[in-house]
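The structure file coords26.cif is reproduced below (mmCIF, C-alpha atoms).
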```
data_target
loop_
_atom_site.label_atom_id
_atom_site.label_comp_id
_atom_site.auth_asym_id
_atom_site.auth_seq_id
_atom_site.Cartn_x
_atom_site.Cartn_y
_atom_site.Cartn_z
CA MET A 15 -8.89 -15.25 -5.10
CA ASP A 16 -8.29 -12.07 -3.21
CA SER A 17 -11.43 -10.00 -3.32
CA SER A 18 -10.50 -7.25 -0.91
CA SER A 19 -7.68 -5.83 -3.00
CA ASN A 20 -7.49 -3.42 -5.92
CA LEU A 21 -10.89 -1.81 -5.41
CA ASN A 22 -9.34 1.55 -6.22
CA PRO A 23 -7.49 1.47 -9.55
CA LEU A 24 -5.63 4.76 -8.89
CA ARG A 25 -4.98 5.15 -12.59
CA GLU A 26 -3.76 8.68 -12.08
CA VAL A 27 -0.77 7.34 -10.15
CA ILE A 28 0.61 5.48 -13.14
CA SER A 29 2.45 7.52 -15.73
CA ASP A 30 4.54 6.42 -18.69
CA GLU A 31 8.27 6.53 -18.20
CA GLU A 32 11.27 5.18 -20.04
CA PRO A 33 10.87 1.67 -21.57
CA ALA A 34 11.24 -1.06 -18.96
CA PRO A 35 13.73 -3.93 -19.26
CA ALA A 36 12.37 -7.37 -20.19
CA SER A 37 13.64 -8.84 -16.92
CA VAL A 38 13.14 -7.39 -13.48
CA PHE A 39 16.81 -7.48 -12.54
CA ALA A 40 18.31 -7.63 -16.04
CA THR A 41 19.83 -4.18 -16.22
CA ARG A 42 21.32 -1.58 -13.95
CA PRO A 43 20.14 2.01 -14.40
CA LEU A 44 22.72 4.05 -16.27
CA ARG A 45 21.87 7.16 -14.28
CA PRO A 46 20.42 7.88 -10.86
CA PRO A 47 16.61 7.66 -10.62
CA SER A 48 14.98 10.89 -11.67
CA THR A 49 12.45 10.73 -8.83
CA SER A 50 12.64 9.60 -5.23
CA SER A 51 9.70 7.24 -5.80
CA SER A 52 11.77 5.19 -8.27
CA GLU A 53 14.12 4.23 -5.46
CA LYS A 54 11.36 3.92 -2.87
CA TYR A 55 9.52 1.35 -4.98
CA SER A 56 12.50 -0.38 -6.59
CA PRO A 57 12.40 -4.21 -6.65
CA VAL A 58 14.35 -6.29 -4.14
CA GLU A 59 15.68 -9.77 -4.87
CA TRP A 60 14.45 -12.86 -3.01
CA THR A 61 17.98 -13.56 -1.75
CA SER A 62 17.48 -10.90 0.91
CA TYR A 63 15.02 -13.21 2.66
CA PHE A 64 15.27 -16.82 1.42
CA ASP A 65 18.36 -19.04 1.43
CA LYS A 66 17.81 -20.73 -1.92
CA GLU A 67 15.37 -21.39 -4.75
CA ASP A 68 14.75 -24.57 -6.70
CA ASP A 69 12.73 -25.99 -9.58
CA VAL A 70 10.85 -29.19 -8.77
CA SER A 71 10.03 -31.37 -11.80
CA ILE A 72 7.05 -33.70 -11.44
CA PRO A 73 7.61 -37.17 -12.96
CA GLY A 74 5.27 -38.17 -15.76
CA SER A 75 4.45 -34.58 -16.67
CA ASN A 76 6.01 -31.39 -18.00
CA ASP A 77 5.15 -29.52 -14.81
CA VAL A 78 7.98 -27.72 -13.03
CA PHE A 79 7.15 -25.93 -9.79
CA HIS A 80 9.32 -23.19 -8.34
CA VAL A 81 10.02 -23.12 -4.62
CA TYR A 82 11.89 -20.80 -2.26
CA MET A 83 13.50 -22.26 0.84
CA ALA A 84 14.91 -21.00 4.12
CA GLY A 85 16.16 -22.55 7.35
CA THR A 86 17.77 -25.90 8.15
CA LYS A 87 16.06 -27.23 11.27
CA GLY A 88 12.67 -27.94 12.77
CA PRO A 89 9.39 -28.81 11.03
CA VAL A 90 8.67 -27.51 7.53
CA VAL A 91 6.34 -24.53 7.25
CA PHE A 92 5.00 -25.04 3.72
CA CYS A 93 3.46 -21.80 2.44
CA LEU A 94 0.76 -21.49 -0.23
CA HIS A 95 -0.04 -18.04 -1.61
CA GLY A 96 -3.34 -16.51 -2.70
CA GLY A 97 -4.66 -16.05 -6.23
CA GLY A 98 -2.49 -13.66 -8.23
CA PHE A 99 0.30 -13.67 -5.62
CA SER A 100 3.46 -15.84 -5.59
CA GLY A 101 5.62 -17.72 -3.11
CA LEU A 102 7.51 -14.49 -2.48
CA SER A 103 4.42 -13.24 -0.65
CA PHE A 104 6.01 -15.00 2.35
CA SER A 105 9.51 -13.51 1.92
CA ILE A 106 9.80 -11.41 5.07
CA VAL A 107 7.90 -14.05 7.04
CA ALA A 108 10.43 -16.69 5.95
CA SER A 109 13.36 -14.58 7.12
CA LYS A 110 11.76 -14.38 10.58
CA ILE A 111 10.66 -18.02 10.90
CA LYS A 112 13.80 -19.71 9.58
CA GLU A 113 15.64 -19.55 12.92
CA LYS A 114 12.94 -21.75 14.45
CA ALA A 115 11.70 -23.84 11.52
CA ARG A 116 12.29 -24.57 7.86
CA VAL A 117 10.23 -22.62 5.33
CA VAL A 118 9.22 -23.63 1.81
CA ALA A 119 7.14 -21.23 -0.28
CA MET A 120 5.79 -22.62 -3.54
CA ASP A 121 4.65 -20.86 -6.69
CA LEU A 122 1.32 -22.53 -7.42
CA ARG A 123 0.22 -23.56 -10.91
CA GLY A 124 -0.09 -20.57 -13.25
CA HIS A 125 1.77 -18.32 -10.81
CA GLY A 126 5.27 -16.95 -10.34
CA LYS A 127 8.10 -18.93 -11.93
CA SER A 128 6.24 -22.26 -12.04
CA VAL A 129 5.59 -23.75 -15.49
CA SER A 130 2.84 -26.29 -16.11
CA GLU A 131 1.07 -27.95 -19.03
CA ASP A 132 -2.27 -26.33 -18.20
CA GLU A 133 -1.71 -22.99 -16.49
CA LEU A 134 -5.42 -22.20 -16.37
CA ASP A 135 -6.45 -25.38 -14.52
CA LEU A 136 -6.70 -23.86 -11.07
CA SER A 137 -9.14 -26.49 -9.83
CA LEU A 138 -8.83 -27.25 -6.14
CA GLU A 139 -8.08 -30.92 -6.77
CA ARG A 140 -5.37 -30.16 -9.33
CA MET A 141 -3.62 -27.61 -7.12
CA SER A 142 -3.79 -29.82 -4.01
CA ASN A 143 -2.32 -32.71 -6.00
CA ASP A 144 0.45 -30.37 -7.18
CA VAL A 145 1.34 -29.54 -3.57
CA VAL A 146 1.54 -33.20 -2.53
CA ALA A 147 3.61 -34.04 -5.64
CA VAL A 148 6.11 -31.27 -4.85
CA ILE A 149 6.43 -32.39 -1.22
CA LYS A 150 7.02 -35.98 -2.37
CA GLU A 151 9.76 -34.87 -4.78
CA LEU A 152 11.42 -32.74 -2.11
CA TYR A 153 11.36 -35.27 0.72
CA GLY A 154 10.66 -38.73 -0.73
CA ASP A 155 8.69 -41.27 1.25
CA SER A 156 9.81 -39.96 4.65
CA PRO A 157 8.84 -36.28 4.75
CA PRO A 158 9.43 -34.25 7.91
CA ALA A 159 6.54 -32.85 9.94
CA ILE A 160 4.77 -30.29 7.77
CA VAL A 161 2.70 -27.30 8.81
CA LEU A 162 0.65 -26.07 5.86
CA VAL A 163 0.12 -22.31 5.76
CA GLY A 164 -2.32 -21.06 3.13
CA HIS A 165 -3.46 -17.53 2.31
CA SER A 166 -6.87 -17.00 0.66
CA MET A 167 -6.99 -19.35 -2.36
CA GLY A 168 -3.90 -21.06 -0.95
CA GLY A 169 -5.80 -21.59 2.30
CA SER A 170 -8.43 -23.54 0.39
CA VAL A 171 -5.67 -25.63 -1.20
CA ALA A 172 -4.09 -26.32 2.20
CA VAL A 173 -7.44 -27.43 3.64
CA GLN A 174 -8.05 -29.70 0.63
CA VAL A 175 -4.64 -31.34 1.07
CA ALA A 176 -5.56 -32.02 4.70
CA ALA A 177 -9.00 -33.33 3.71
CA ASN A 178 -7.52 -35.71 1.12
CA LYS A 179 -5.35 -37.32 3.83
CA THR A 180 -2.55 -37.77 1.29
CA LEU A 181 0.09 -36.17 3.51
CA PRO A 182 0.73 -38.48 6.50
CA SER A 183 3.30 -36.13 8.05
CA LEU A 184 0.87 -33.19 8.19
CA ALA A 185 1.22 -31.77 11.71
CA GLY A 186 -0.60 -28.43 11.56
CA LEU A 187 -2.84 -26.22 9.44
CA VAL A 188 -2.79 -22.41 9.32
CA VAL A 189 -5.45 -20.72 7.18
CA VAL A 190 -5.09 -17.01 6.48
CA ASP A 191 -8.07 -14.70 5.97
CA VAL A 192 -10.40 -16.95 4.03
CA VAL A 193 -13.84 -18.06 5.23
CA GLU A 194 -16.36 -19.94 3.13
CA GLY A 195 -19.37 -17.68 3.72
CA THR A 196 -17.80 -14.35 2.87
CA ALA A 197 -15.63 -15.78 0.07
CA VAL A 198 -18.57 -17.34 -1.77
CA ALA A 199 -20.62 -14.17 -1.35
CA SER A 200 -17.84 -12.06 -2.87
CA LEU A 201 -17.46 -14.12 -6.06
CA ILE A 202 -20.15 -12.20 -7.95
CA HIS A 203 -17.95 -9.10 -7.70
CA MET A 204 -14.66 -10.70 -8.72
CA GLN A 205 -14.70 -10.15 -12.49
CA LYS A 206 -15.47 -6.47 -11.99
CA ILE A 207 -12.69 -6.13 -9.42
CA LEU A 208 -10.22 -7.83 -11.75
CA SER A 209 -11.22 -5.73 -14.77
CA ASN A 210 -11.01 -2.51 -12.75
CA ARG A 211 -7.38 -3.13 -11.87
CA MET A 212 -4.69 -1.23 -13.69
CA GLN A 213 -3.70 -3.75 -16.37
CA HIS A 214 -0.45 -2.38 -17.77
CA PHE A 215 2.61 -0.88 -16.09
CA PRO A 216 5.50 0.98 -17.76
CA SER A 217 7.92 -0.32 -15.12
CA ILE A 218 8.21 -2.72 -12.19
CA GLN A 219 8.49 0.28 -9.88
CA LYS A 220 5.12 1.59 -11.01
CA ALA A 221 3.50 -1.80 -10.37
CA ILE A 222 4.93 -1.88 -6.85
CA GLU A 223 3.79 1.69 -6.25
CA TYR A 224 0.30 0.84 -7.51
CA SER A 225 -0.02 -2.19 -5.22
CA VAL A 226 0.83 -0.09 -2.15
CA ARG A 227 -0.97 3.14 -2.99
CA GLY A 228 -3.96 1.22 -4.34
CA GLY A 229 -4.30 -0.55 -0.99
CA SER A 230 -3.84 -4.21 -1.93
CA LEU A 231 -0.59 -4.26 0.07
CA ARG A 232 0.32 -2.02 2.98
CA ASN A 233 3.98 -2.91 3.45
CA ILE A 234 6.39 -1.41 0.91
CA ASP A 235 9.25 -3.72 1.90
CA SER A 236 7.15 -6.80 1.20
CA ALA A 237 5.71 -5.38 -2.03
CA ARG A 238 9.22 -4.70 -3.37
CA VAL A 239 10.09 -8.40 -3.22
CA SER A 240 6.69 -9.99 -3.86
CA ILE A 241 5.24 -7.95 -6.73
CA PRO A 242 7.90 -8.52 -9.46
CA THR A 243 7.16 -12.25 -9.89
CA THR A 244 3.42 -11.57 -10.18
CA LEU A 245 4.13 -9.75 -13.46
CA LYS A 246 5.37 -10.60 -16.93
CA TYR A 247 6.76 -8.39 -19.67
CA ASP A 248 4.60 -8.00 -22.79
CA ASP A 249 6.96 -7.46 -25.72
CA SER A 250 4.18 -6.41 -28.07
CA LYS A 251 2.91 -3.68 -25.75
CA HIS A 252 6.30 -2.82 -24.25
CA CYS A 253 4.98 -2.92 -20.70
CA TYR A 254 4.38 -5.22 -17.75
CA THR A 255 1.10 -7.01 -17.15
CA TYR A 256 -0.18 -9.67 -14.74
CA ARG A 257 1.49 -13.07 -15.05
CA THR A 258 -1.61 -14.96 -13.79
CA ARG A 259 -4.78 -14.81 -15.90
CA LEU A 260 -7.23 -15.05 -13.03
CA GLU A 261 -10.15 -13.70 -15.06
CA GLN A 262 -9.95 -16.84 -17.24
CA THR A 263 -10.26 -19.24 -14.29
CA GLU A 264 -13.78 -18.31 -13.12
CA GLN A 265 -15.08 -21.86 -13.55
CA TYR A 266 -12.97 -22.94 -10.57
CA TRP A 267 -13.68 -20.11 -8.13
CA LYS A 268 -16.75 -21.55 -6.43
CA GLY A 269 -14.96 -24.87 -5.97
CA TRP A 270 -12.22 -23.17 -3.96
CA TYR A 271 -14.60 -22.18 -1.21
CA GLU A 272 -17.67 -24.43 -1.15
CA GLY A 273 -17.48 -26.81 1.82
CA LEU A 274 -14.34 -25.09 3.10
CA SER A 275 -15.55 -24.60 6.69
CA GLU A 276 -16.58 -28.24 7.20
CA LYS A 277 -13.33 -29.54 5.67
CA PHE A 278 -11.31 -27.21 7.88
CA LEU A 279 -13.11 -28.29 11.04
CA SER A 280 -12.83 -31.99 10.21
CA SER A 281 -9.06 -31.92 9.75
CA PRO A 282 -7.56 -33.94 12.63
CA VAL A 283 -4.44 -31.77 13.07
CA PRO A 284 -4.05 -28.59 15.18
CA LYS A 285 -5.60 -25.64 13.37
CA LEU A 286 -5.12 -21.88 13.41
CA LEU A 287 -7.33 -19.36 11.59
CA LEU A 288 -5.88 -15.87 11.14
CA LEU A 289 -8.38 -13.19 10.17
CA ALA A 290 -8.13 -9.50 9.31
CA GLY A 291 -11.61 -8.92 10.79
CA THR A 292 -14.23 -10.78 12.84
CA ASP A 293 -16.93 -10.05 10.27
CA ARG A 294 -15.42 -12.79 8.12
CA LEU A 295 -16.62 -15.66 10.35
CA ASP A 296 -19.54 -17.73 9.01
CA ARG A 297 -22.01 -19.72 11.12
CA THR A 298 -20.22 -23.08 10.82
CA LEU A 299 -16.91 -21.63 11.94
CA THR A 300 -18.53 -19.59 14.71
CA ILE A 301 -19.98 -22.76 16.21
CA GLY A 302 -16.69 -24.62 15.74
CA GLN A 303 -14.75 -21.83 17.38
CA MET A 304 -17.12 -21.81 20.36
CA GLN A 305 -16.55 -25.57 20.68
CA GLY A 306 -12.80 -25.05 20.76
CA LYS A 307 -12.11 -26.98 17.56
CA PHE A 308 -9.51 -24.49 16.38
CA GLN A 309 -7.54 -21.46 17.49
CA MET A 310 -8.59 -18.14 15.97
CA ILE A 311 -6.72 -14.85 16.09
CA VAL A 312 -7.91 -11.55 14.65
CA VAL A 313 -4.88 -9.57 13.45
CA LYS A 314 -5.44 -5.83 13.73
CA HIS A 315 -4.20 -3.04 11.46
CA THR A 316 -3.80 -5.21 8.39
CA GLY A 317 -5.40 -5.83 5.03
CA HIS A 318 -6.22 -9.13 3.36
CA ALA A 319 -2.56 -10.13 2.85
CA ILE A 320 -1.74 -10.43 6.56
CA GLN A 321 1.58 -12.17 5.90
CA GLU A 322 2.77 -9.21 3.83
CA ASP A 323 1.27 -6.32 5.79
CA VAL A 324 2.50 -7.39 9.25
CA PRO A 325 5.14 -10.09 8.58
CA GLU A 326 6.83 -9.93 11.98
CA GLU A 327 3.56 -10.46 13.84
CA PHE A 328 2.54 -13.16 11.37
CA ALA A 329 5.84 -15.01 11.85
CA ASN A 330 5.48 -14.84 15.63
CA LEU A 331 1.95 -16.25 15.44
CA VAL A 332 3.12 -19.20 13.32
CA VAL A 333 6.12 -19.91 15.56
CA ASN A 334 3.92 -19.72 18.66
CA PHE A 335 1.43 -22.10 17.04
CA ILE A 336 4.23 -24.62 16.39
CA SER A 337 5.52 -24.27 19.95
CA ARG A 338 2.08 -24.41 21.54
CA ASN A 339 1.30 -27.68 19.77
CA ARG A 340 4.81 -29.09 20.38
CA ILE A 341 5.43 -29.73 16.68
CA GLY A 342 9.00 -30.92 16.16
CA PRO A 343 10.85 -31.95 12.99
CA HIS A 344 9.30 -35.44 13.10
CA GLY A 345 5.85 -34.59 14.42
CA VAL A 346 4.40 -33.93 17.85
CA GLU A 347 7.19 -33.83 20.39
CA ILE A 348 6.66 -35.85 23.56
CA PRO A 349 8.82 -34.65 26.48
CA GLY A 350 11.89 -36.85 26.79
CA THR A 351 11.54 -38.53 23.38
CA TRP A 352 10.64 -38.02 19.73
CA LYS A 353 7.47 -39.52 18.33
CA PRO A 354 5.97 -38.77 14.91
CA SER A 355 2.36 -37.66 14.92
CA GLN A 356 0.02 -40.36 13.69
CA PRO A 357 -2.76 -39.39 11.27
CA LYS A 358 -6.23 -40.33 12.43
CA THR A 359 -8.09 -42.88 10.37
#
```

The structure in this file should be written as structure tokens.
Amino acid sequence: MDSSSNLNPLREVISDEEPAPASVFATRPLRPPSTSSSEKYSPVEWTSYFDKEDDVSIPGSNDVFHVYMAGTKGPVVFCLHGGGFSGLSFSIVASKIKEKARVVAMDLRGHGKSVSEDELDLSLERMSNDVVAVIKELYGDSPPAIVLVGHSMGGSVAVQVAANKTLPSLAGLVVVDVVEGTAVASLIHMQKILSNRMQHFPSIQKAIEYSVRGGSLRNIDSARVSIPTTLKYDDSKHCYTYRTRLEQTEQYWKGWYEGLSEKFLSSPVPKLLLLAGTDRLDRTLTIGQMQGKFQMIVVKHTGHAIQEDVPEEFANLVVNFISRNRIGPHGVEIPGTWKPSQPKT
């Protein structure tokens, strides 16, 4: 759940235009855009950043999870987005990392192009099991070294996967701008924040414009590729609305964040915490950071979605983390040989 965004609805920015197509890329405009903003905020396809996309079917269920992939070598940087976002939140980041490592960005349950039997079950256990199931389908019983990168809600999912010890090839953990103390404290405001958002958009362009001018995203290039898959077209209202019904998942919110700090600290793999501000640290993490249990970096001049606002810097931080901890395609790299990292028991 991403509590720092959409505090300013900016309803005056959104104005009705011509009817929007049912699909983001379904039609080509028959005439040039009437305003410069139409072109400025026009959607961009994922192919500009990722190499391929795939649908991963989970045996024994009707769940099909959508993933975007880039790169062919090195460990796998497996990216988990925040609540209401999608895998394309890591688009620009993927295009920067893929020369050094492989990147997989997954649409979590109830998000993006993924389809599941219960879209509203955003419990931490269910989502963490989804992630492990997708990795198993992608790589079988011999997965490569995996660095989990999770933003906000996705950070909680990444930490839970690590805590469950169901991913033996886990080699690193990167958590992006989520801390237990501040996240739990913000939950009482979440329904109001969600209800205050602009709910309907006459076009994809207007939704992209709203996300940038409203302050939830600060990078137009990232918004142009990431926003379209966070929306769906409502035929009855002839407009776009949010694809994920976050307001109906409140029963799971507290579970995302309670115990997060202790689980993060107890994970036996190298850990990196990226924050948009130092005020987000709680007492448990402050003590852990002083004890050197994890690496922490405060990223300046960014909002909550660090990976979207400053993707080049974000990519460099992830690549440096992999290099610093000598994480190769099969685990921790020992000079002169290859040796998979062994999970602690």

Quick one: pull the distance between atom CA of A:Gly97 and atom CA of A:Asn330, Å, one decimal.
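Atom CA of A:Gly97 sits 24.1 Å away from atom CA of A:Asn330.
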
May I have the residues within 8 Å of A:Leu208 as a VMD selection string, using all atoms listed in the file and disregarding those fewer than 2 positions away in the same chain?
chain A and resid 20 204 to 206 210 to 211 260 to 261

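Each of A:Leu245, A:Val173, A:Leu152, A:Met167 was checked against A:Trp270 using all atoms listed in the file; the smallest atom-to-atom distance is that of A:Met167.
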
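The space separating atom CA of A:Ala237 from atom CA of A:Lys251 comes to 23.9 Å.
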
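Running the PyMOL selection byres ((chain A and resi 104-119) around 6) on this file leaves Tyr63, Val81, Tyr82, Met83, Ala84, Gly85, Thr86, Lys87, Gly88, Pro89, Val90, Val91, Phe92, Cys93, Gly101, Leu102, Ser103, Met120, Pro325 and Ala329 of chain A selected.
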
For the provided coordinates, the residues matched by the PyMOL selection byres ((chain A and resi 158) around 8) should be stated as a PyMOL selection string.
chain A and resi 89-90+153+156-157+159-160+183+343-345

I need the output of the PyMOL selection byres ((chain A and resi 308) around 12) for this file as a VMD selection string; which residues are they?
chain A and resid 186 to 189 275 278 to 288 299 to 307 309 to 311 335 339

Can you work out the spacing between atom CA of A:Asn76 and atom CA of A:Glu133 in Å, to one decimal?
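Atom CA of A:Asn76 sits 11.5 Å away from atom CA of A:Glu133.
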
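Using only C-alpha atoms, the smallest distance between any of A:Leu138, A:Val193, A:Ala147, A:Leu94 and A:Gln174 comes from A:Leu138.
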
Measuring between all atoms listed in the file, which one of A:Val175, A:Gly291, A:Val226, A:Asp191 shows the shortest distance to A:Glu139?
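For A:Glu139, the nearest of the candidates is A:Val175.
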
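Neighbouring residues of A:Tyr266 at 10 Å or closer, counting all atoms listed in the file and skipping chain neighbours under 2 positions away, are Leu134, Asp135, Leu136, Ser137, Leu138, Gln262, Thr263, Glu264, Lys268, Gly269, Trp270 and Tyr271 of chain A.
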
Find the spatial neighbours of stretch 319-324 of chain A, counting all atoms listed in the file, within a cut-off of 10 Å - ignore same-chain residues fewer than 2 positions away - and output them as an NGL selection string.
:A and (16 or 18-19 or 95-96 or 99 or 102-108 or 165-166 or 190-191 or 230-237 or 240 or 288-290 or 313-317 or 326-329)

With all atoms listed in the file as the atoms that count, which of A:Phe215, A:Gln265, A:Thr196, A:Glu59 lies nearest to A:Asp296?
A:Thr196

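Using only C-alpha atoms, the smallest distance between any of A:Ala221, A:Cys253, A:Ile149, A:Ala176 and A:Ser56 comes from A:Ala221.
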
Nearest to A:Asp68 among A:Val148, A:Met212, A:Val192, A:Leu201, with distances taken over all atoms listed in the file: which residue is it?
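Result for the nearest residue to A:Asp68: A:Val148.
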
Please return as a short mmCIF file (atom, residue, chain, number, x, y, z; two decimals) with C-alpha atoms, in the frame of the given file every residue within 9 Å of (7.7, 5.1, -3.2), taking into account only C-alpha atoms and the file's own coordinates.
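What ended up in result-v8.cif:
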```
data_model
loop_
_atom_site.label_atom_id
_atom_site.label_comp_id
_atom_site.auth_asym_id
_atom_site.auth_seq_id
_atom_site.Cartn_x
_atom_site.Cartn_y
_atom_site.Cartn_z
CA SER A 50 12.64 9.60 -5.23
CA SER A 51 9.70 7.24 -5.80
CA SER A 52 11.77 5.19 -8.27
CA GLU A 53 14.12 4.23 -5.46
CA LYS A 54 11.36 3.92 -2.87
CA TYR A 55 9.52 1.35 -4.98
CA SER A 56 12.50 -0.38 -6.59
CA GLN A 219 8.49 0.28 -9.88
CA LYS A 220 5.12 1.59 -11.01
CA ILE A 222 4.93 -1.88 -6.85
CA GLU A 223 3.79 1.69 -6.25
CA VAL A 226 0.83 -0.09 -2.15
CA ARG A 227 -0.97 3.14 -2.99
CA ILE A 234 6.39 -1.41 0.91
#
```

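Near A:Lys246, within 8 Å and counting only C-alpha atoms, sit A:Thr243, A:Thr244, A:Asp248, A:Tyr254, A:Thr255, A:Tyr256, A:Arg257, not including residues fewer than 2 positions from it in the same chain.
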
Show me, as lines of an AutoDock Vina configuration file, the centre and edge lengths in Å to one decimal of the axis-aligned box that covers every listed atom of stretch 97-104 of chain A with 4 Å on each side.
```
center_x = 1.4
center_y = -15.5
center_z = -2.9
size_x = 20.2
size_y = 12.5
size_z = 18.6
```

Is it possible to add all heavy atoms to stretch 191-198 of chain A and hand it back as a short mmCIF file (atom, residue, chain, number, x, y, z; two decimals), in the frame of the given file?
```
data_model
loop_
_atom_site.label_atom_id
_atom_site.label_comp_id
_atom_site.auth_asym_id
_atom_site.auth_seq_id
_atom_site.Cartn_x
_atom_site.Cartn_y
_atom_site.Cartn_z
N ASP A 191 -7.05 -15.63 6.45
CA ASP A 191 -8.07 -14.70 5.97
C ASP A 191 -8.90 -15.23 4.81
O ASP A 191 -9.09 -14.56 3.79
CB ASP A 191 -7.44 -13.36 5.58
CG ASP A 191 -8.45 -12.20 5.76
OD1 ASP A 191 -9.13 -12.20 6.79
OD2 ASP A 191 -8.54 -11.34 4.88
N VAL A 192 -9.43 -16.43 4.98
CA VAL A 192 -10.40 -16.95 4.03
C VAL A 192 -11.45 -17.76 4.79
O VAL A 192 -11.10 -18.62 5.60
CB VAL A 192 -9.75 -17.82 2.93
CG1 VAL A 192 -8.97 -18.99 3.51
CG2 VAL A 192 -10.79 -18.31 1.94
N VAL A 193 -12.71 -17.40 4.60
CA VAL A 193 -13.84 -18.06 5.23
C VAL A 193 -14.88 -18.33 4.16
O VAL A 193 -15.16 -17.47 3.31
CB VAL A 193 -14.43 -17.18 6.36
CG1 VAL A 193 -15.76 -17.73 6.85
CG2 VAL A 193 -13.44 -17.06 7.52
N GLU A 194 -15.44 -19.51 4.19
CA GLU A 194 -16.36 -19.94 3.13
C GLU A 194 -17.49 -18.94 2.87
O GLU A 194 -17.72 -18.54 1.72
CB GLU A 194 -16.96 -21.30 3.49
CG GLU A 194 -17.96 -21.82 2.47
CD GLU A 194 -18.54 -23.17 2.87
OE1 GLU A 194 -18.02 -23.79 3.82
OE2 GLU A 194 -19.51 -23.60 2.22
N GLY A 195 -18.20 -18.54 3.90
CA GLY A 195 -19.37 -17.68 3.72
C GLY A 195 -19.09 -16.39 3.00
O GLY A 195 -19.72 -16.07 1.98
N THR A 196 -18.11 -15.64 3.48
CA THR A 196 -17.80 -14.35 2.87
C THR A 196 -17.11 -14.51 1.51
O THR A 196 -17.30 -13.69 0.61
CB THR A 196 -16.91 -13.51 3.80
OG1 THR A 196 -15.82 -14.33 4.25
CG2 THR A 196 -17.68 -13.02 5.00
N ALA A 197 -16.31 -15.57 1.35
CA ALA A 197 -15.63 -15.78 0.07
C ALA A 197 -16.62 -16.10 -1.04
O ALA A 197 -16.55 -15.53 -2.13
CB ALA A 197 -14.61 -16.91 0.21
N VAL A 198 -17.57 -16.99 -0.76
CA VAL A 198 -18.57 -17.34 -1.77
C VAL A 198 -19.41 -16.13 -2.13
O VAL A 198 -19.72 -15.88 -3.30
CB VAL A 198 -19.45 -18.50 -1.27
CG1 VAL A 198 -20.64 -18.72 -2.22
CG2 VAL A 198 -18.64 -19.79 -1.15
#
```
